[in-house]
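Here's target_35.txt, which has compact mmCIF, C-alpha atoms:
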# COMPACT_ATOMS: atom_id res chain seq x y z
CA MET C 1290 -13.13 -14.17 10.27
CA PRO C 1291 -14.96 -11.47 8.25
CA GLN C 1292 -13.79 -7.94 8.87
CA GLN C 1293 -16.09 -5.31 10.34
CA GLN C 1294 -17.76 -3.22 7.65
CA PHE C 1295 -16.25 0.23 7.14
CA VAL C 1296 -18.64 3.10 6.48
CA GLU C 1297 -16.86 6.31 5.50
CA PRO C 1298 -17.58 9.01 8.11
CA THR C 1299 -19.92 11.83 7.15
CA SER C 1300 -19.44 14.05 10.20
CA TYR C 1301 -17.07 14.87 13.02
CA LYS C 1302 -19.06 12.65 15.41
CA SER C 1303 -19.06 9.62 13.12
CA LEU C 1304 -15.31 9.92 12.63
CA CYS C 1305 -14.79 10.10 16.41
CA ASP C 1306 -16.96 6.99 16.82
CA LEU C 1307 -14.77 5.08 14.35
CA LEU C 1308 -11.61 6.12 16.18
CA SER C 1309 -13.02 5.23 19.60
CA ALA C 1310 -14.03 1.76 18.40
CA LYS C 1311 -10.37 1.11 17.60
CA ASP C 1312 -9.08 2.50 20.93
CA ILE C 1313 -7.75 5.69 19.36
CA ALA C 1314 -8.35 8.96 21.23
CA PRO C 1315 -10.89 11.09 19.35
CA PRO C 1316 -9.51 14.61 18.79
CA THR C 1317 -11.05 17.96 19.49
CA PRO C 1318 -12.30 19.89 16.44
CA GLU C 1319 -9.22 22.12 16.69
CA ARG C 1320 -6.89 19.11 16.65
CA MET C 1321 -8.82 17.57 13.77
CA GLN C 1322 -8.52 20.78 11.78
CA ALA C 1323 -4.75 21.03 12.35
CA VAL C 1324 -4.10 17.37 11.48
CA THR C 1325 -6.25 17.55 8.35
CA GLU C 1326 -4.39 20.68 7.27
CA GLN C 1327 -1.06 18.87 7.56
CA TYR C 1328 -1.84 15.37 6.29
CA GLY C 1329 -4.99 15.72 4.18
CA ARG C 1330 -8.39 14.11 4.57
CA GLU C 1331 -7.66 11.29 2.11
CA ARG C 1332 -4.72 9.94 4.11
CA ILE C 1333 -6.67 9.93 7.40
CA ILE C 1334 -9.61 8.09 5.83
CA ARG C 1335 -7.27 5.62 4.11
CA ALA C 1336 -5.68 4.71 7.46
CA LEU C 1337 -9.11 4.26 9.06
CA ARG C 1338 -10.24 2.08 6.19
CA GLU C 1339 -7.18 -0.15 6.64
CA LEU C 1340 -7.99 -0.63 10.33
CA TYR C 1341 -11.49 -1.83 9.53
CA GLN C 1342 -10.94 -3.80 6.33
CA ARG C 1343 -7.58 -5.52 6.83
CA ARG C 1344 -6.55 -8.26 9.24
CA ASP C 1345 -4.96 -7.24 12.51
CA HIS C 1346 -1.40 -8.12 11.49
CA GLN C 1347 -1.76 -5.87 8.42
CA THR C 1348 -2.91 -2.76 10.30
CA LYS C 1349 0.14 -1.91 12.40
CA GLY C 1350 1.20 0.95 10.13
CA ALA C 1351 -2.26 2.52 10.05
CA HIS C 1352 -2.72 2.14 13.80
CA LYS C 1353 0.69 3.72 14.48
CA PHE C 1354 -0.06 6.65 12.16
CA LEU C 1355 -3.45 7.41 13.74
CA ASN C 1356 -2.09 7.12 17.28
CA GLU C 1357 0.72 9.52 16.39
CA ILE C 1358 -1.57 12.20 14.98
CA PHE C 1359 -4.27 11.64 17.64
CA PRO C 1360 -2.20 10.88 20.77
CA PRO C 1361 -4.13 9.93 23.94
CA ASP C 1362 -2.10 12.43 25.98
CA ASP C 1363 -2.83 15.32 23.60
CA PRO C 1364 -3.32 18.42 25.81
CA SER C 1365 -6.14 19.53 23.51
CA PHE C 1366 -8.01 16.29 24.21
CA ASP C 1367 -11.13 16.86 26.36
CA ASP C 1368 -14.21 15.03 27.60
CA ASN C 1369 -16.40 16.29 24.77
CA ALA C 1370 -14.07 14.75 22.20
CA ALA C 1371 -13.80 11.55 24.22
CA ASP C 1372 -17.55 11.15 23.96
CA GLY C 1373 -17.35 11.69 20.21
CA GLN C 1374 -19.31 14.95 20.55
CA PRO C 1375 -18.21 18.39 19.33
CA PRO C 1376 -18.80 21.33 21.69
CA GLU C 1377 -22.41 22.44 21.54
CA ASP C 1378 -23.30 25.34 19.27
CA PRO C 1379 -27.04 25.99 19.07
CA GLN C 1380 -26.51 28.36 16.14
CA ASP C 1381 -24.82 25.72 14.02
CA PRO C 1382 -26.14 22.17 14.58
CA GLU C 1383 -24.29 19.25 13.09
CA ASP C 1384 -25.00 19.00 9.38
CA PRO C 1385 -25.01 15.35 8.19
CA GLN C 1386 -24.02 16.21 4.64
CA ASP C 1387 -21.75 14.20 2.35
CA PHE C 1388 -18.14 13.86 3.47
CA ASP C 1389 -16.76 15.72 0.44
CA GLY C 1390 -13.59 17.11 1.92
CA GLN C 1391 -11.81 18.43 4.93
CA GLN C 1392 -12.05 21.85 6.50
CA SER C 1393 -8.45 22.84 6.20
CA SER C 1394 -8.34 26.19 7.98
CA GLY C 1395 -11.73 27.70 8.52
CA ARG C 1396 -13.48 30.23 6.30
CA PRO C 1397 -12.73 33.93 5.72
CA PRO C 1398 -15.18 36.81 5.51
CA GLN C 1399 -16.79 36.73 2.09
CA GLY C 1400 -14.54 37.72 -0.75
CA GLN C 1401 -11.49 38.61 1.34
CA GLU C 1402 -8.10 37.32 0.27
CA GLY C 1403 -5.81 36.60 3.18
CA THR C 1404 -5.23 34.23 6.05
CA ARG C 1405 -8.29 32.32 7.11
CA GLY C 1406 -9.01 32.07 10.82
CA ASN C 1407 -9.91 29.03 12.86
CA ALA C 1408 -13.36 27.53 12.39
CA PRO C 1409 -15.91 28.43 15.08
CA GLN C 1410 -16.31 25.94 17.90
CA GLY C 1411 -18.74 23.13 17.15
CA ARG C 1412 -18.69 23.36 13.37
CA ASP C 1413 -18.58 20.13 11.42
CA TRP C 1414 -14.99 19.75 10.15
CA THR C 1415 -16.38 18.45 6.83
CA LYS C 1416 -18.56 21.49 6.17
CA HIS C 1417 -16.50 23.17 3.44
CA LEU C 1418 -15.55 21.19 0.35
CA SER C 1419 -11.79 21.14 -0.18
CA THR C 1420 -8.90 18.93 -1.23
CA HIS C 1421 -5.11 19.02 -0.84
CA VAL C 1422 -2.50 18.23 -3.49
CA TYR C 1423 1.02 17.47 -2.26
CA GLY C 1424 4.27 17.78 -4.18
CA GLY C 1425 7.92 17.38 -3.30
CA LYS C 1426 8.53 21.10 -2.75
CA ALA C 1427 5.06 22.56 -2.16
CA ALA C 1428 1.42 21.75 -1.52
CA LEU C 1429 -1.89 23.22 -2.67
CA CYS C 1430 -5.33 23.38 -1.12
CA PHE C 1431 -8.39 23.99 -3.32
CA GLU C 1432 -11.41 25.05 -1.26
CA ALA C 1433 -14.97 26.14 -2.03
CA ASP C 1434 -15.37 29.84 -1.25
CA THR C 1435 -17.55 32.86 -2.09
CA LEU C 1436 -16.82 36.19 -3.73
CA ARG C 1437 -17.63 39.53 -2.13
CA PRO C 1438 -21.22 40.62 -2.98
CA PRO C 1439 -21.59 43.69 -5.26
CA LYS C 1440 -21.43 47.03 -3.43
CA ASN C 1441 -25.06 47.87 -4.22
CA ALA C 1442 -26.40 44.43 -3.32
CA PRO C 1443 -29.15 44.23 -0.66
CA GLU C 1444 -28.02 43.45 2.87
CA GLY C 1445 -27.71 39.71 3.42
CA THR C 1446 -26.93 38.97 -0.24
CA GLU C 1447 -24.46 36.11 -0.60
CA GLY C 1448 -21.48 36.34 -2.89
CA ALA C 1449 -21.09 34.14 -5.96
CA PRO C 1450 -19.52 30.70 -5.44
CA THR C 1451 -15.85 30.40 -6.35
CA VAL C 1452 -12.70 28.52 -5.31
CA ALA C 1453 -9.80 29.68 -3.14
CA ILE C 1454 -6.31 28.27 -3.70
CA ASP C 1455 -3.71 28.11 -0.94
CA ALA C 1456 -0.06 27.33 -1.72
CA ALA C 1457 2.47 26.35 0.94
CA VAL C 1458 6.16 25.50 0.74
CA CYS C 1459 7.50 22.17 1.99
CA THR C 1460 9.61 22.62 5.14
CA GLY C 1461 10.44 18.98 5.89
CA PRO C 1462 9.32 15.40 5.29
CA ARG C 1463 5.52 15.52 4.86
CA THR C 1464 5.45 19.00 6.44
CA TYR C 1465 4.09 22.09 4.71
CA ASP C 1466 4.05 25.68 5.97
CA PHE C 1467 0.37 26.55 5.55
CA ALA C 1468 0.74 29.15 8.32
CA ASN C 1469 2.59 31.29 5.74
CA LYS C 1470 0.62 30.24 2.69
CA THR C 1471 -0.06 32.28 -0.42
CA ARG C 1472 -3.80 32.57 -1.03
CA ILE C 1473 -5.59 33.34 -4.29
CA GLN C 1474 -9.32 33.55 -4.88
CA LEU C 1475 -10.57 32.81 -8.41
CA THR C 1476 -12.63 35.49 -10.12
CA LYS C 1477 -15.89 34.64 -11.90
CA TYR C 1478 -13.97 34.73 -15.20
CA GLU C 1479 -11.06 32.60 -14.03
CA LEU C 1480 -13.24 29.81 -12.56
CA PRO C 1481 -14.59 28.42 -15.89
CA VAL C 1482 -11.23 28.91 -17.64
CA LEU C 1483 -9.35 26.92 -14.99
CA LEU C 1484 -12.01 24.20 -15.08
CA ALA C 1485 -11.56 23.99 -18.86
CA VAL C 1486 -7.84 23.37 -18.33
CA PHE C 1487 -8.49 20.63 -15.76
CA LEU C 1488 -10.99 18.96 -18.10
CA GLY C 1489 -8.50 19.02 -20.99
CA ILE C 1490 -10.69 21.40 -22.99
CA LYS C 1491 -8.03 24.10 -22.88
CA GLN C 1492 -4.26 23.51 -22.89
CA SER C 1493 -3.20 26.10 -20.34
CA CYS C 1494 -4.01 29.36 -18.60
CA GLU C 1495 -2.24 32.05 -16.59
CA PHE C 1496 -3.69 34.84 -14.47
CA LYS C 1497 -1.92 37.67 -12.67
CA SER C 1498 -2.76 40.81 -10.65
CA HIS C 1499 -4.20 39.05 -7.63
CA GLY C 1500 -3.90 40.39 -4.11
CA GLU C 1501 -3.99 43.86 -2.63
CA ASN C 1502 -0.74 44.80 -4.40
CA LYS C 1503 -1.62 42.99 -7.63
CA ASP C 1504 1.53 40.89 -7.24
CA LYS C 1505 0.15 37.36 -7.03
CA GLY C 1506 -1.04 34.95 -9.70
CA PHE C 1507 -1.20 31.36 -10.89
CA SER C 1508 -0.87 29.20 -13.98
CA ALA C 1509 -1.93 25.71 -14.99
CA GLU C 1510 -0.73 23.67 -17.98
CA ASN C 1511 -1.66 20.24 -19.27
CA GLN C 1512 1.46 18.12 -19.61
CA GLU C 1513 1.92 14.42 -20.22
CA GLY C 1514 0.35 12.56 -17.30
CA LYS C 1515 -0.22 15.64 -15.16
CA ILE C 1516 -1.35 19.24 -14.81
CA PHE C 1517 1.57 21.46 -13.80
CA PHE C 1518 0.23 24.12 -11.43
CA LYS C 1519 2.13 27.18 -10.18
CA VAL C 1520 1.22 29.89 -7.69
CA PHE C 1521 3.54 32.90 -7.71
CA SER C 1522 3.92 35.87 -5.38
CA PRO C 1523 6.71 37.99 -3.88
CA ALA C 1524 7.31 35.02 -1.53
CA GLY C 1525 8.34 32.91 -4.51
CA VAL C 1526 6.90 30.26 -6.81
CA ARG C 1527 5.01 27.25 -5.43
CA ALA C 1528 4.88 24.57 -8.14
CA VAL C 1529 3.04 21.24 -7.83
CA PRO C 1530 2.41 18.56 -10.49
CA ILE C 1531 -1.21 17.41 -10.17
CA THR C 1532 -1.79 13.76 -11.08
CA PRO C 1533 -5.05 12.51 -12.66
CA ASP C 1534 -6.59 11.30 -9.39
CA ASP C 1535 -5.96 14.65 -7.68
CA ALA C 1536 -7.10 16.49 -10.82
CA PHE C 1537 -10.41 14.60 -10.57
CA ARG C 1538 -11.01 15.89 -7.03
CA VAL C 1539 -10.01 19.44 -7.90
CA SER C 1540 -12.23 19.37 -11.00
CA ARG C 1541 -15.18 18.28 -8.89
CA ILE C 1542 -14.81 21.35 -6.66
CA LEU C 1543 -14.39 23.68 -9.65
CA LEU C 1544 -17.42 22.21 -11.41
CA ARG C 1545 -19.60 22.33 -8.31
CA GLN C 1546 -18.79 25.99 -7.71
CA LEU C 1547 -19.36 26.87 -11.36
CA CYS C 1548 -22.75 25.15 -11.24
CA GLY C 1549 -23.54 27.35 -8.25
CA ASN C 1550 -23.05 30.40 -10.47
CA MET C 1551 -25.84 29.23 -12.80
CA PRO C 1552 -29.20 30.56 -11.49
CA ASP C 1553 -30.97 28.94 -14.46
CA GLY C 1554 -29.97 25.50 -13.19
CA LEU C 1555 -27.55 24.30 -15.87
CA ASN C 1556 -26.18 20.90 -14.86
CA GLY C 1557 -22.59 19.66 -15.08
CA THR C 1558 -23.01 17.99 -18.48
CA GLU C 1559 -24.53 21.12 -20.00
CA LEU C 1560 -21.80 23.28 -18.51
CA MET C 1561 -19.01 21.08 -19.91
CA GLY C 1562 -20.59 21.23 -23.36
CA LEU C 1563 -20.79 25.00 -23.06
CA LEU C 1564 -17.13 25.17 -22.00
CA ARG C 1565 -16.09 23.20 -25.10
CA GLN C 1566 -18.05 25.46 -27.43
CA THR C 1567 -16.86 28.73 -25.88
CA ILE C 1568 -13.62 28.72 -23.88
CA GLY C 1569 -12.36 25.63 -25.69
CA ARG C 1570 -12.41 27.44 -29.03
CA PHE C 1571 -9.83 30.03 -28.05

Mind turning this structure into structure tokens?
Amino acid sequence: MPQQQFVEPTSYKSLCDLLSAKDIAPPTPERMQAVTEQYGRERIIRALRELYQRRDHQTKGAHKFLNEIFPPDDPSFDDNAADGQPPEDPQDPEDPQDFDGQQSSGRPPQGQEGTRGNAPQGRDWTKHLSTHVYGGKAALCFEADTLRPPKNAPEGTEGAPTVAIDAAVCTGPRTYDFANKTRIQLTKYELPVLLAVFLGIKQSCEFKSHGENKDKGFSAENQEGKIFFKVFSPAGVRAVPITPDDAFRVSRILLRQLCGNMPDGLNGTELMGLLRQTIGRF
């Protein structure tokens, strides 16, 4: 018997619909945010895809995983989630944009480095582009962000696009302490340099003096079969080897944000050529 076609969800509602069709309790936005923070968007979508594309006897593992992270007796479960609808927010209607990544922990005030708060009620959990990279001792989250606008900028001016990096230590099997993460926000100079490293244009980079006390930093180095990435702070060093498939997703976020810094409309191909002829020479 042909399997039901799987269409990757593009919004919170469409993901809830997919879960409901397989008798799995749809979560609240808060539950979705917490689960995505812990397990990563890719793993959740992979389990859903298995449910829809494999035969029933091959889906026990995926079904068990999804029922464990979205239990029917979850105290955060409510009628809105059961209907596959997020709480209403007239100021922020559902945005049916591409499902590029998961909203891992909300969004901070522009340009501030620190702990990000919970996303406002009703926001699409896919709204902010991000991806997680997991290692044996630590995990990283790369997320689209914005810098603080210049002091003399007109009111309402948006900051320049950039990328924020969160690093969390592993505290147990598949468990990472993002509640006590170290957060770094790339400067306008660091963004193209780090992208050049991920694209193999530059061998390595290291930047320091991040944070209020100038005591945080990061480094990235191309090694055989991976990019070795480290975030360091007074809390210690968080080191994660980034494999080619994860490097692809991180590079996409870096490139997208760098393109957003180009008011003249340079595209990705033009930017990569420019990186080779400038940053790649040094």

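The neighbours of range 1543-1548 of chain C here are the residues that come within 10 Å of it, using all atoms listed in the file and leaving out any residue fewer than 6 positions away in the same chain; they are Leu1418, Phe1431, Glu1432, Ala1433, Asp1434, Thr1435, Ala1449, Pro1450, Thr1451, Val1452, Ala1453, Leu1475, Lys1477, Leu1480, Pro1481, Leu1483, Leu1484, Ala1485, Phe1487, Leu1488, Phe1537, Gly1554, Leu1555, Asn1556, Gly1557, Thr1558, Glu1559, Leu1560 and Met1561 of chain C.
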
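Of the listed residues C:Ile1531, C:Val1324, C:Leu1308, C:Ala1524, the one whose atoms come nearest to Gly1425 in chain C is C:Ile1531, with distances taken using all atoms listed in the file.
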
For Ile1334 in chain C, the nearest of the candidates C:Asn1550, C:Glu1297, C:Thr1348, C:Pro1318, counting all atoms listed in the file:
C:Glu1297

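Considering only C-alpha atoms, the residue among C:Ala1457, C:Ile1313, C:Met1321, C:Val1529 positioned nearest to Lys1353 in chain C is C:Ile1313.
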
Spatial neighbours of Gln1327 in chain C, max dist 9 Å, all atoms listed in the file, sep filter under 3 positions, as a PyMOL selection string:
chain C and resi 1322-1324+1393+1463-1467

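Using only C-alpha atoms, the shortest contact distance between Tyr1328 in chain C and any of C:His1421, C:Lys1497, C:Lys1302, C:His1352 is found at C:His1421.
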
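Closest approach to Arg1320 in chain C from the set C:Cys1305, C:Val1296, C:Phe1359, C:Pro1438 is made by C:Phe1359, with distances taken over all atoms listed in the file.
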
Return the single residue from C:Ser1303, C:Lys1515, C:Glu1319, C:Gly1549 that is closest to Glu1447 in chain C, with distances computed using only C-alpha atoms.
C:Gly1549

Generate the coordinates of N, CA, C and O atoms for range 1471-1488 of chain C; report them as a short mmCIF file (atom, residue, chain, number, x, y, z; two decimals), in the frame of the given file.
data_model
loop_
_atom_site.label_atom_id
_atom_site.label_comp_id
_atom_site.auth_asym_id
_atom_site.auth_seq_id
_atom_site.Cartn_x
_atom_site.Cartn_y
_atom_site.Cartn_z
N THR C 1471 0.39 31.28 0.54
CA THR C 1471 -0.06 32.28 -0.42
C THR C 1471 -1.47 31.91 -0.84
O THR C 1471 -1.72 30.77 -1.23
N ARG C 1472 -2.40 32.86 -0.75
CA ARG C 1472 -3.80 32.57 -1.03
C ARG C 1472 -4.29 33.39 -2.22
O ARG C 1472 -4.02 34.58 -2.32
N ILE C 1473 -5.00 32.70 -3.12
CA ILE C 1473 -5.59 33.34 -4.29
C ILE C 1473 -7.05 32.91 -4.39
O ILE C 1473 -7.37 31.73 -4.20
N GLN C 1474 -7.91 33.85 -4.70
CA GLN C 1474 -9.32 33.55 -4.88
C GLN C 1474 -9.69 33.75 -6.35
O GLN C 1474 -9.44 34.81 -6.92
N LEU C 1475 -10.25 32.73 -6.98
CA LEU C 1475 -10.57 32.81 -8.41
C LEU C 1475 -11.70 33.80 -8.65
O LEU C 1475 -12.69 33.84 -7.92
N THR C 1476 -11.55 34.60 -9.70
CA THR C 1476 -12.63 35.49 -10.12
C THR C 1476 -13.69 34.69 -10.88
O THR C 1476 -13.47 33.53 -11.25
N LYS C 1477 -14.82 35.32 -11.15
CA LYS C 1477 -15.89 34.64 -11.90
C LYS C 1477 -15.42 34.28 -13.30
O LYS C 1477 -15.89 33.29 -13.88
N TYR C 1478 -14.49 35.05 -13.87
CA TYR C 1478 -13.97 34.73 -15.20
C TYR C 1478 -12.97 33.59 -15.14
O TYR C 1478 -12.95 32.72 -16.01
N GLU C 1479 -12.12 33.61 -14.12
CA GLU C 1479 -11.06 32.60 -14.03
C GLU C 1479 -11.60 31.20 -13.73
O GLU C 1479 -11.01 30.20 -14.16
N LEU C 1480 -12.69 31.11 -12.97
CA LEU C 1480 -13.24 29.81 -12.56
C LEU C 1480 -13.54 28.89 -13.75
O LEU C 1480 -13.05 27.75 -13.79
N PRO C 1481 -14.32 29.33 -14.77
CA PRO C 1481 -14.59 28.42 -15.89
C PRO C 1481 -13.35 28.15 -16.74
O PRO C 1481 -13.21 27.05 -17.31
N VAL C 1482 -12.44 29.12 -16.84
CA VAL C 1482 -11.23 28.91 -17.64
C VAL C 1482 -10.35 27.83 -16.99
O VAL C 1482 -9.86 26.93 -17.67
N LEU C 1483 -10.18 27.92 -15.67
CA LEU C 1483 -9.35 26.92 -14.99
C LEU C 1483 -10.00 25.55 -15.07
O LEU C 1483 -9.31 24.55 -15.27
N LEU C 1484 -11.32 25.48 -14.94
CA LEU C 1484 -12.01 24.20 -15.08
C LEU C 1484 -11.78 23.62 -16.47
O LEU C 1484 -11.56 22.41 -16.62
N ALA C 1485 -11.80 24.47 -17.50
CA ALA C 1485 -11.56 23.99 -18.86
C ALA C 1485 -10.18 23.38 -19.00
O ALA C 1485 -9.99 22.40 -19.72
N VAL C 1486 -9.19 23.94 -18.30
CA VAL C 1486 -7.84 23.37 -18.33
C VAL C 1486 -7.83 22.00 -17.64
O VAL C 1486 -7.28 21.03 -18.15
N PHE C 1487 -8.47 21.89 -16.49
CA PHE C 1487 -8.49 20.63 -15.76
C PHE C 1487 -9.26 19.55 -16.52
O PHE C 1487 -8.96 18.36 -16.38
N LEU C 1488 -10.22 19.94 -17.32
CA LEU C 1488 -10.99 18.96 -18.10
C LEU C 1488 -10.33 18.65 -19.44
O LEU C 1488 -10.84 17.83 -20.21
#
